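In what follows, a single structure is set out as C-alpha coordinates and then discussed.
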Amino acid sequence: MQPQPAGLCIRASLRFDLSEVKAMLETFKKITKNFKSTGVLSEDVARFLRMHDCIDTIKHVNAVAEEAKKLASRFFENQEGAFSAGLLHDVSVIFSDEDRLRVAIELKIDVLPEEKIYPAILHQKISKIMAEEIFGITDKNVLSAIGCHTTLKENASVLDKIVFISDKIRWDQKYDAPFLSDVLKALGVSLDEACSRYLNYLWNRRESLAVVHPWMAAAYKQIGNSLNKK
(Lines give C-alpha, C1' and ligand atoms only; values in the text may rest on other atoms or scores of the structure.)
Protein backbone atom coordinates (compact mmCIF):
# COMPACT_ATOMS: atom_id res chain seq x y z
CA MET A 1 0.00 0.00 0.00
CA GLN A 2 1.55 3.24 -1.14
CA PRO A 3 0.24 6.31 0.71
CA GLN A 4 -0.74 9.39 -1.25
CA PRO A 5 1.36 12.54 -0.88
CA ALA A 6 0.85 14.39 2.38
CA GLY A 7 -1.40 17.43 2.42
CA LEU A 8 -5.04 18.28 2.87
CA CYS A 9 -6.96 15.81 0.73
CA ILE A 10 -10.48 16.00 2.13
CA ARG A 11 -12.99 14.07 0.04
CA ALA A 12 -16.14 16.09 0.66
CA SER A 13 -18.40 14.02 -1.56
CA LEU A 14 -17.56 10.82 0.28
CA ARG A 15 -17.99 11.63 3.96
CA PHE A 16 -18.61 15.29 4.70
CA ASP A 17 -20.97 18.09 3.73
CA LEU A 18 -19.47 21.47 2.84
CA SER A 19 -19.85 22.94 6.34
CA GLU A 20 -18.04 19.95 7.84
CA VAL A 21 -15.24 20.29 5.28
CA LYS A 22 -14.85 23.96 6.17
CA ALA A 23 -14.57 23.10 9.88
CA MET A 24 -12.01 20.41 9.16
CA LEU A 25 -9.95 22.70 6.97
CA GLU A 26 -9.82 25.25 9.77
CA THR A 27 -8.79 22.55 12.25
CA PHE A 28 -5.95 21.31 10.05
CA LYS A 29 -4.88 24.60 8.47
CA LYS A 30 -2.62 25.72 11.29
CA ILE A 31 -1.04 22.33 12.02
CA THR A 32 -0.14 21.73 8.35
CA LYS A 33 1.34 25.18 7.70
CA ASN A 34 4.72 24.84 5.94
CA PHE A 35 4.30 21.04 5.84
CA LYS A 36 5.04 19.47 2.46
CA SER A 37 5.36 15.82 1.59
CA THR A 38 8.65 14.14 0.76
CA GLY A 39 6.77 11.13 -0.59
CA VAL A 40 8.31 8.94 2.12
CA LEU A 41 5.84 8.34 4.94
CA SER A 42 8.43 7.69 7.67
CA GLU A 43 10.18 10.98 6.85
CA ASP A 44 6.89 12.88 6.62
CA VAL A 45 5.65 11.63 9.99
CA ALA A 46 8.98 12.39 11.69
CA ARG A 47 9.10 15.89 10.20
CA PHE A 48 5.47 16.58 11.12
CA LEU A 49 6.01 15.50 14.73
CA ARG A 50 9.27 17.42 14.93
CA MET A 51 7.49 20.56 13.69
CA HIS A 52 5.18 20.23 16.67
CA ASP A 53 7.93 19.47 19.21
CA CYS A 54 6.83 15.86 19.71
CA ILE A 55 10.34 14.44 19.51
CA ASP A 56 9.81 11.55 21.93
CA THR A 57 6.85 10.34 19.89
CA ILE A 58 9.04 9.88 16.80
CA LYS A 59 11.01 7.15 18.54
CA HIS A 60 7.83 5.46 19.76
CA VAL A 61 5.98 5.41 16.42
CA ASN A 62 9.07 4.11 14.61
CA ALA A 63 9.40 1.33 17.17
CA VAL A 64 5.71 0.42 16.88
CA ALA A 65 5.93 0.48 13.07
CA GLU A 66 8.90 -1.90 13.08
CA GLU A 67 7.18 -4.21 15.57
CA ALA A 68 3.96 -4.17 13.55
CA LYS A 69 5.84 -5.00 10.37
CA LYS A 70 7.57 -7.91 12.09
CA LEU A 71 4.30 -9.27 13.47
CA ALA A 72 2.60 -8.79 10.10
CA SER A 73 5.18 -11.06 8.55
CA ARG A 74 4.69 -13.58 11.33
CA PHE A 75 0.90 -13.60 11.03
CA PHE A 76 0.67 -13.32 7.23
CA GLU A 77 -0.63 -9.76 7.10
CA ASN A 78 0.26 -6.81 4.87
CA GLN A 79 3.65 -5.63 6.16
CA GLU A 80 3.60 -2.24 4.47
CA GLY A 81 0.12 -1.52 5.80
CA ALA A 82 1.15 -2.55 9.30
CA PHE A 83 4.23 -0.33 9.11
CA SER A 84 2.16 2.66 7.92
CA ALA A 85 -0.40 2.19 10.69
CA GLY A 86 2.38 2.00 13.25
CA LEU A 87 3.92 5.24 12.02
CA LEU A 88 0.63 7.12 12.12
CA HIS A 89 -1.13 5.71 15.17
CA ASP A 90 -0.06 8.52 17.52
CA VAL A 91 0.18 11.42 15.07
CA SER A 92 -2.58 13.22 17.01
CA VAL A 93 -0.18 13.61 19.94
CA ILE A 94 0.27 17.17 18.70
CA PHE A 95 -3.08 17.95 20.38
CA SER A 96 -3.08 18.11 24.17
CA ASP A 97 -5.54 16.02 26.17
CA GLU A 98 -7.39 19.25 26.98
CA ASP A 99 -7.85 20.02 23.27
CA ARG A 100 -8.85 16.57 22.04
CA LEU A 101 -12.53 16.80 22.83
CA ARG A 102 -12.78 20.13 21.01
CA VAL A 103 -10.86 18.77 18.02
CA ALA A 104 -12.99 15.63 17.90
CA ILE A 105 -16.17 17.71 17.85
CA GLU A 106 -14.76 19.91 15.08
CA LEU A 107 -13.91 16.80 13.07
CA LYS A 108 -17.44 15.43 13.54
CA ILE A 109 -16.16 12.37 15.38
CA ASP A 110 -18.75 10.30 17.22
CA VAL A 111 -17.68 10.92 20.82
CA LEU A 112 -18.73 8.30 23.36
CA PRO A 113 -19.65 9.27 26.94
CA GLU A 114 -16.48 7.60 28.23
CA GLU A 115 -14.40 9.69 25.82
CA LYS A 116 -15.96 12.89 27.13
CA ILE A 117 -14.88 11.87 30.62
CA TYR A 118 -11.37 10.90 29.48
CA PRO A 119 -10.60 12.68 26.17
CA ALA A 120 -7.08 11.23 25.95
CA ILE A 121 -8.62 8.09 24.42
CA LEU A 122 -9.92 10.17 21.51
CA HIS A 123 -6.39 10.33 20.13
CA GLN A 124 -6.91 7.04 18.28
CA LYS A 125 -9.93 8.39 16.39
CA ILE A 126 -8.26 11.74 15.68
CA SER A 127 -5.12 9.98 14.40
CA LYS A 128 -7.27 7.97 12.01
CA ILE A 129 -8.72 11.11 10.42
CA MET A 130 -5.32 12.81 10.30
CA ALA A 131 -3.83 9.75 8.59
CA GLU A 132 -6.47 9.96 5.89
CA GLU A 133 -6.84 13.68 5.43
CA ILE A 134 -3.28 14.92 6.00
CA PHE A 135 -1.13 11.92 5.02
CA GLY A 136 -3.39 10.57 2.28
CA ILE A 137 -3.92 7.04 3.61
CA THR A 138 -6.80 5.37 1.77
CA ASP A 139 -6.49 1.74 2.87
CA LYS A 140 -9.49 1.14 5.14
CA ASN A 141 -7.73 -1.69 6.95
CA VAL A 142 -4.85 0.61 7.88
CA LEU A 143 -7.25 3.36 8.99
CA SER A 144 -9.19 0.88 11.09
CA ALA A 145 -6.02 -0.30 12.85
CA ILE A 146 -5.03 3.29 13.65
CA GLY A 147 -8.52 4.07 14.91
CA CYS A 148 -8.63 1.31 17.53
CA HIS A 149 -4.97 0.89 18.49
CA THR A 150 -5.53 1.87 22.14
CA THR A 151 -8.73 -0.01 22.96
CA LEU A 152 -9.10 -2.58 20.18
CA LYS A 153 -12.75 -3.26 19.26
CA GLU A 154 -15.26 -5.98 18.57
CA ASN A 155 -14.73 -7.97 15.33
CA ALA A 156 -11.18 -6.64 15.10
CA SER A 157 -9.16 -7.63 12.04
CA VAL A 158 -5.75 -9.27 12.16
CA LEU A 159 -4.18 -5.92 11.32
CA ASP A 160 -6.17 -4.20 14.09
CA LYS A 161 -4.78 -6.73 16.57
CA ILE A 162 -1.22 -6.45 15.27
CA VAL A 163 -1.08 -2.68 15.67
CA PHE A 164 -2.86 -2.88 19.04
CA ILE A 165 -0.40 -5.40 20.47
CA SER A 166 2.64 -3.71 18.86
CA ASP A 167 1.73 -0.50 20.66
CA LYS A 168 1.65 -2.41 23.95
CA ILE A 169 4.94 -4.24 23.33
CA ARG A 170 6.67 -0.97 22.44
CA TRP A 171 5.58 0.65 25.69
CA ASP A 172 6.55 4.32 25.82
CA GLN A 173 6.18 5.06 29.53
CA LYS A 174 9.06 5.75 31.90
CA TYR A 175 8.39 2.60 33.93
CA ASP A 176 8.52 -0.96 32.64
CA ALA A 177 5.33 -2.45 31.22
CA PRO A 178 4.04 -4.82 33.93
CA PHE A 179 2.23 -6.99 31.39
CA LEU A 180 5.03 -7.29 28.82
CA SER A 181 6.48 -10.71 29.67
CA ASP A 182 3.01 -12.25 29.80
CA VAL A 183 2.00 -10.75 26.45
CA LEU A 184 5.24 -11.82 24.75
CA LYS A 185 4.82 -15.36 26.06
CA ALA A 186 1.23 -15.43 24.81
CA LEU A 187 2.37 -14.39 21.33
CA GLY A 188 4.04 -17.77 21.14
CA VAL A 189 0.57 -19.28 21.28
CA SER A 190 -1.41 -16.90 19.06
CA LEU A 191 -2.14 -13.26 18.32
CA ASP A 192 -5.55 -13.58 19.97
CA GLU A 193 -3.94 -15.04 23.09
CA ALA A 194 -1.60 -12.04 23.31
CA CYS A 195 -4.49 -9.59 22.91
CA SER A 196 -6.47 -11.51 25.49
CA ARG A 197 -3.64 -11.35 28.03
CA TYR A 198 -3.38 -7.59 27.75
CA LEU A 199 -7.15 -7.10 27.81
CA ASN A 200 -7.33 -9.36 30.86
CA TYR A 201 -4.69 -7.20 32.51
CA LEU A 202 -6.87 -4.13 31.96
CA TRP A 203 -10.11 -5.83 32.90
CA ASN A 204 -8.72 -7.06 36.21
CA ARG A 205 -7.78 -3.44 36.99
CA ARG A 206 -10.93 -1.83 35.58
CA GLU A 207 -11.88 -0.29 38.92
CA SER A 208 -8.69 1.77 38.83
CA LEU A 209 -9.04 2.91 35.21
CA ALA A 210 -10.22 6.42 34.41
CA VAL A 211 -12.93 4.83 32.26
CA VAL A 212 -13.77 1.40 30.90
CA HIS A 213 -14.03 2.06 27.17
CA PRO A 214 -16.91 0.06 25.60
CA TRP A 215 -14.74 -0.97 22.63
CA MET A 216 -12.21 -2.50 25.02
CA ALA A 217 -14.95 -4.27 26.99
CA ALA A 218 -16.47 -5.69 23.80
CA ALA A 219 -13.09 -6.90 22.49
CA TYR A 220 -12.26 -8.45 25.87
CA LYS A 221 -15.49 -10.45 25.95
CA GLN A 222 -15.43 -11.49 22.30
CA ILE A 223 -11.80 -12.67 22.21
CA GLY A 224 -12.15 -14.35 25.60
CA ASN A 225 -15.25 -16.23 24.50
CA SER A 226 -13.58 -17.26 21.25
CA LEU A 227 -10.53 -18.64 23.05
CA ASN A 228 -12.67 -20.47 25.59
CA LYS A 229 -14.44 -22.34 22.79
CA LYS A 230 -11.18 -23.71 21.40
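Labels for the C-alpha coordinates follow display order: chains A, B, ..., residues from 1 in each chain, ligands from 1.
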
**OP:** Name the residues in contact with Ile58 (chain A) at a cut-off of 8 Å, using only C-alpha atoms, excluding same-chain residues fewer than 3 positions from it; report them as a list in words.
**Re:** Val45, Ala46, Leu49, Arg50, Cys54, Ile55, Val61 and Asn62 of chain A

**OP:** Identify, on the basis of only C-alpha atoms, every residue whose closest approach to Lys161 (chain A) does not exceed 8 Å; exclude the query and any residue fewer than 5 positions from it along the same chain; express the result as a list in words.
**Re:**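 My list of contacting residues is Ala145, His149, Leu152, Ala156, Leu191, Asp192 and Cys195 of chain A.
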
Original post:
Nearest to Ile165 (chain A) among A:Ala120, A:Ile126, A:Val212, A:Val64, with distances taken over only C-alpha atoms: which residue is it?
Top reply: A:Val64

**OP:** Determine, counting only C-alpha atoms, which protein, DNA and RNA residues have an atom within 12 Å of an atom of Ile223 (chain A); residues of the same chain fewer than 4 positions away are not included. Present the result as a PyMOL selection string.
**Re:** chain A and resi 152-157+161+190-200+216-219+227-230

Please write the residues from the selection above to a file, keeping N, CA and C atoms, as a PDB file, in the first residue's frame.
ATOM      1  N   LEU A 152      -8.620  -1.500  21.045  1.00  0.00           N
ATOM      2  CA  LEU A 152      -9.102  -2.579  20.182  1.00  0.00           C
ATOM      3  C   LEU A 152     -10.621  -2.410  20.048  1.00  0.00           C
ATOM      4  N   LYS A 153     -11.304  -3.360  19.436  1.00  0.00           N
ATOM      5  CA  LYS A 153     -12.745  -3.261  19.257  1.00  0.00           C
ATOM      6  C   LYS A 153     -13.302  -4.627  18.898  1.00  0.00           C
ATOM      7  N   GLU A 154     -14.599  -4.734  18.932  1.00  0.00           N
ATOM      8  CA  GLU A 154     -15.264  -5.981  18.567  1.00  0.00           C
ATOM      9  C   GLU A 154     -15.047  -6.258  17.082  1.00  0.00           C
ATOM     10  N   ASN A 155     -14.937  -7.543  16.720  1.00  0.00           N
ATOM     11  CA  ASN A 155     -14.726  -7.966  15.332  1.00  0.00           C
ATOM     12  C   ASN A 155     -13.469  -7.344  14.732  1.00  0.00           C
ATOM     13  N   ALA A 156     -12.445  -7.216  15.559  1.00  0.00           N
ATOM     14  CA  ALA A 156     -11.181  -6.642  15.101  1.00  0.00           C
ATOM     15  C   ALA A 156     -10.530  -7.530  14.047  1.00  0.00           C
ATOM     16  N   SER A 157      -9.878  -6.897  13.073  1.00  0.00           N
ATOM     17  CA  SER A 157      -9.156  -7.634  12.041  1.00  0.00           C
ATOM     18  C   SER A 157      -7.786  -8.056  12.568  1.00  0.00           C
ATOM     19  N   LYS A 161      -5.402  -6.075  15.419  1.00  0.00           N
ATOM     20  CA  LYS A 161      -4.780  -6.730  16.575  1.00  0.00           C
ATOM     21  C   LYS A 161      -3.260  -6.571  16.562  1.00  0.00           C
ATOM     22  N   SER A 190      -0.646 -17.502  20.156  1.00  0.00           N
ATOM     23  CA  SER A 190      -1.413 -16.897  19.057  1.00  0.00           C
ATOM     24  C   SER A 190      -1.529 -15.398  19.281  1.00  0.00           C
ATOM     25  N   LEU A 191      -1.916 -14.694  18.228  1.00  0.00           N
ATOM     26  CA  LEU A 191      -2.142 -13.256  18.319  1.00  0.00           C
ATOM     27  C   LEU A 191      -3.331 -12.966  19.234  1.00  0.00           C
ATOM     28  N   ASP A 192      -4.384 -13.774  19.105  1.00  0.00           N
ATOM     29  CA  ASP A 192      -5.547 -13.584  19.967  1.00  0.00           C
ATOM     30  C   ASP A 192      -5.199 -13.797  21.437  1.00  0.00           C
ATOM     31  N   GLU A 193      -4.339 -14.777  21.709  1.00  0.00           N
ATOM     32  CA  GLU A 193      -3.942 -15.038  23.089  1.00  0.00           C
ATOM     33  C   GLU A 193      -3.202 -13.828  23.665  1.00  0.00           C
ATOM     34  N   ALA A 194      -2.339 -13.213  22.856  1.00  0.00           N
ATOM     35  CA  ALA A 194      -1.603 -12.036  23.315  1.00  0.00           C
ATOM     36  C   ALA A 194      -2.559 -10.876  23.593  1.00  0.00           C
ATOM     37  N   CYS A 195      -3.509 -10.646  22.685  1.00  0.00           N
ATOM     38  CA  CYS A 195      -4.495  -9.587  22.909  1.00  0.00           C
ATOM     39  C   CYS A 195      -5.316  -9.872  24.157  1.00  0.00           C
ATOM     40  N   SER A 196      -5.680 -11.124  24.330  1.00  0.00           N
ATOM     41  CA  SER A 196      -6.472 -11.509  25.491  1.00  0.00           C
ATOM     42  C   SER A 196      -5.722 -11.260  26.796  1.00  0.00           C
ATOM     43  N   ARG A 197      -4.433 -11.554  26.812  1.00  0.00           N
ATOM     44  CA  ARG A 197      -3.644 -11.352  28.032  1.00  0.00           C
ATOM     45  C   ARG A 197      -3.615  -9.879  28.418  1.00  0.00           C
ATOM     46  N   TYR A 198      -3.418  -9.014  27.436  1.00  0.00           N
ATOM     47  CA  TYR A 198      -3.384  -7.591  27.752  1.00  0.00           C
ATOM     48  C   TYR A 198      -4.771  -7.092  28.174  1.00  0.00           C
ATOM     49  N   LEU A 199      -5.797  -7.521  27.453  1.00  0.00           N
ATOM     50  CA  LEU A 199      -7.153  -7.105  27.808  1.00  0.00           C
ATOM     51  C   LEU A 199      -7.546  -7.623  29.184  1.00  0.00           C
ATOM     52  N   ASN A 200      -7.105  -8.816  29.519  1.00  0.00           N
ATOM     53  CA  ASN A 200      -7.332  -9.359  30.864  1.00  0.00           C
ATOM     54  C   ASN A 200      -6.647  -8.492  31.917  1.00  0.00           C
ATOM     55  N   MET A 216     -13.104  -1.577  24.313  1.00  0.00           N
ATOM     56  CA  MET A 216     -12.214  -2.499  25.023  1.00  0.00           C
ATOM     57  C   MET A 216     -13.008  -3.618  25.674  1.00  0.00           C
ATOM     58  N   ALA A 217     -14.117  -3.272  26.322  1.00  0.00           N
ATOM     59  CA  ALA A 217     -14.947  -4.272  26.991  1.00  0.00           C
ATOM     60  C   ALA A 217     -15.495  -5.280  25.989  1.00  0.00           C
ATOM     61  N   ALA A 218     -15.923  -4.797  24.825  1.00  0.00           N
ATOM     62  CA  ALA A 218     -16.470  -5.689  23.797  1.00  0.00           C
ATOM     63  C   ALA A 218     -15.399  -6.619  23.245  1.00  0.00           C
ATOM     64  N   ALA A 219     -14.199  -6.080  22.996  1.00  0.00           N
ATOM     65  CA  ALA A 219     -13.092  -6.903  22.490  1.00  0.00           C
ATOM     66  C   ALA A 219     -12.683  -7.947  23.525  1.00  0.00           C
ATOM     67  N   LEU A 227     -11.594 -17.778  22.561  1.00  0.00           N
ATOM     68  CA  LEU A 227     -10.530 -18.643  23.045  1.00  0.00           C
ATOM     69  C   LEU A 227     -11.061 -19.760  23.939  1.00  0.00           C
ATOM     70  N   ASN A 228     -12.094 -19.465  24.698  1.00  0.00           N
ATOM     71  CA  ASN A 228     -12.673 -20.475  25.594  1.00  0.00           C
ATOM     72  C   ASN A 228     -13.348 -21.611  24.835  1.00  0.00           C
ATOM     73  N   LYS A 229     -13.778 -21.324  23.597  1.00  0.00           N
ATOM     74  CA  LYS A 229     -14.440 -22.337  22.788  1.00  0.00           C
ATOM     75  C   LYS A 229     -13.468 -23.290  22.117  1.00  0.00           C
ATOM     76  N   LYS A 230     -12.174 -22.895  22.091  1.00  0.00           N
ATOM     77  CA  LYS A 230     -11.178 -23.713  21.403  1.00  0.00           C
ATOM     78  C   LYS A 230     -10.678 -24.843  22.298  1.00  0.00           C
TER      79      LYS A 230
END

Do a neighbour search on region 84-91 of chain A at 6 Å with only C-alpha atoms, toss out local chain neighbours closer than 2 positions, and write the hits as a PDB file with N, CA and C atoms, in the first residue's frame.
ATOM      1  N   VAL A  61       6.718   5.861  17.607  1.00  0.00           N
ATOM      2  CA  VAL A  61       5.983   5.406  16.423  1.00  0.00           C
ATOM      3  C   VAL A  61       6.870   4.583  15.494  1.00  0.00           C
ATOM      4  N   ASN A  62       8.155   4.928  15.421  1.00  0.00           N
ATOM      5  CA  ASN A  62       9.066   4.111  14.615  1.00  0.00           C
ATOM      6  C   ASN A  62       9.208   2.708  15.196  1.00  0.00           C
ATOM      7  N   VAL A  64       6.974   1.133  17.093  1.00  0.00           N
ATOM      8  CA  VAL A  64       5.707   0.424  16.877  1.00  0.00           C
ATOM      9  C   VAL A  64       5.589  -0.023  15.425  1.00  0.00           C
ATOM     10  N   ALA A  65       5.992   0.834  14.496  1.00  0.00           N
ATOM     11  CA  ALA A  65       5.932   0.484  13.068  1.00  0.00           C
ATOM     12  C   ALA A  65       6.802  -0.726  12.758  1.00  0.00           C
ATOM     13  N   GLY A  81       1.265  -2.119   5.119  1.00  0.00           N
ATOM     14  CA  GLY A  81       0.119  -1.523   5.799  1.00  0.00           C
ATOM     15  C   GLY A  81       0.322  -1.455   7.292  1.00  0.00           C
ATOM     16  N   ALA A  82       0.875  -2.524   7.866  1.00  0.00           N
ATOM     17  CA  ALA A  82       1.155  -2.551   9.303  1.00  0.00           C
ATOM     18  C   ALA A  82       2.170  -1.480   9.676  1.00  0.00           C
ATOM     19  N   VAL A  93      -0.836  13.166  18.712  1.00  0.00           N
ATOM     20  CA  VAL A  93      -0.181  13.605  19.943  1.00  0.00           C
ATOM     21  C   VAL A  93       0.071  15.116  19.942  1.00  0.00           C
ATOM     22  N   SER A 127      -6.242  10.446  15.236  1.00  0.00           N
ATOM     23  CA  SER A 127      -5.122   9.981  14.403  1.00  0.00           C
ATOM     24  C   SER A 127      -5.617   9.345  13.115  1.00  0.00           C
ATOM     25  N   VAL A 142      -5.857  -0.173   7.162  1.00  0.00           N
ATOM     26  CA  VAL A 142      -4.852   0.613   7.879  1.00  0.00           C
ATOM     27  C   VAL A 142      -5.532   1.654   8.763  1.00  0.00           C
ATOM     28  N   ILE A 146      -5.404   2.050  12.964  1.00  0.00           N
ATOM     29  CA  ILE A 146      -5.031   3.291  13.649  1.00  0.00           C
ATOM     30  C   ILE A 146      -6.147   3.697  14.611  1.00  0.00           C
TER      31      ILE A 146
END
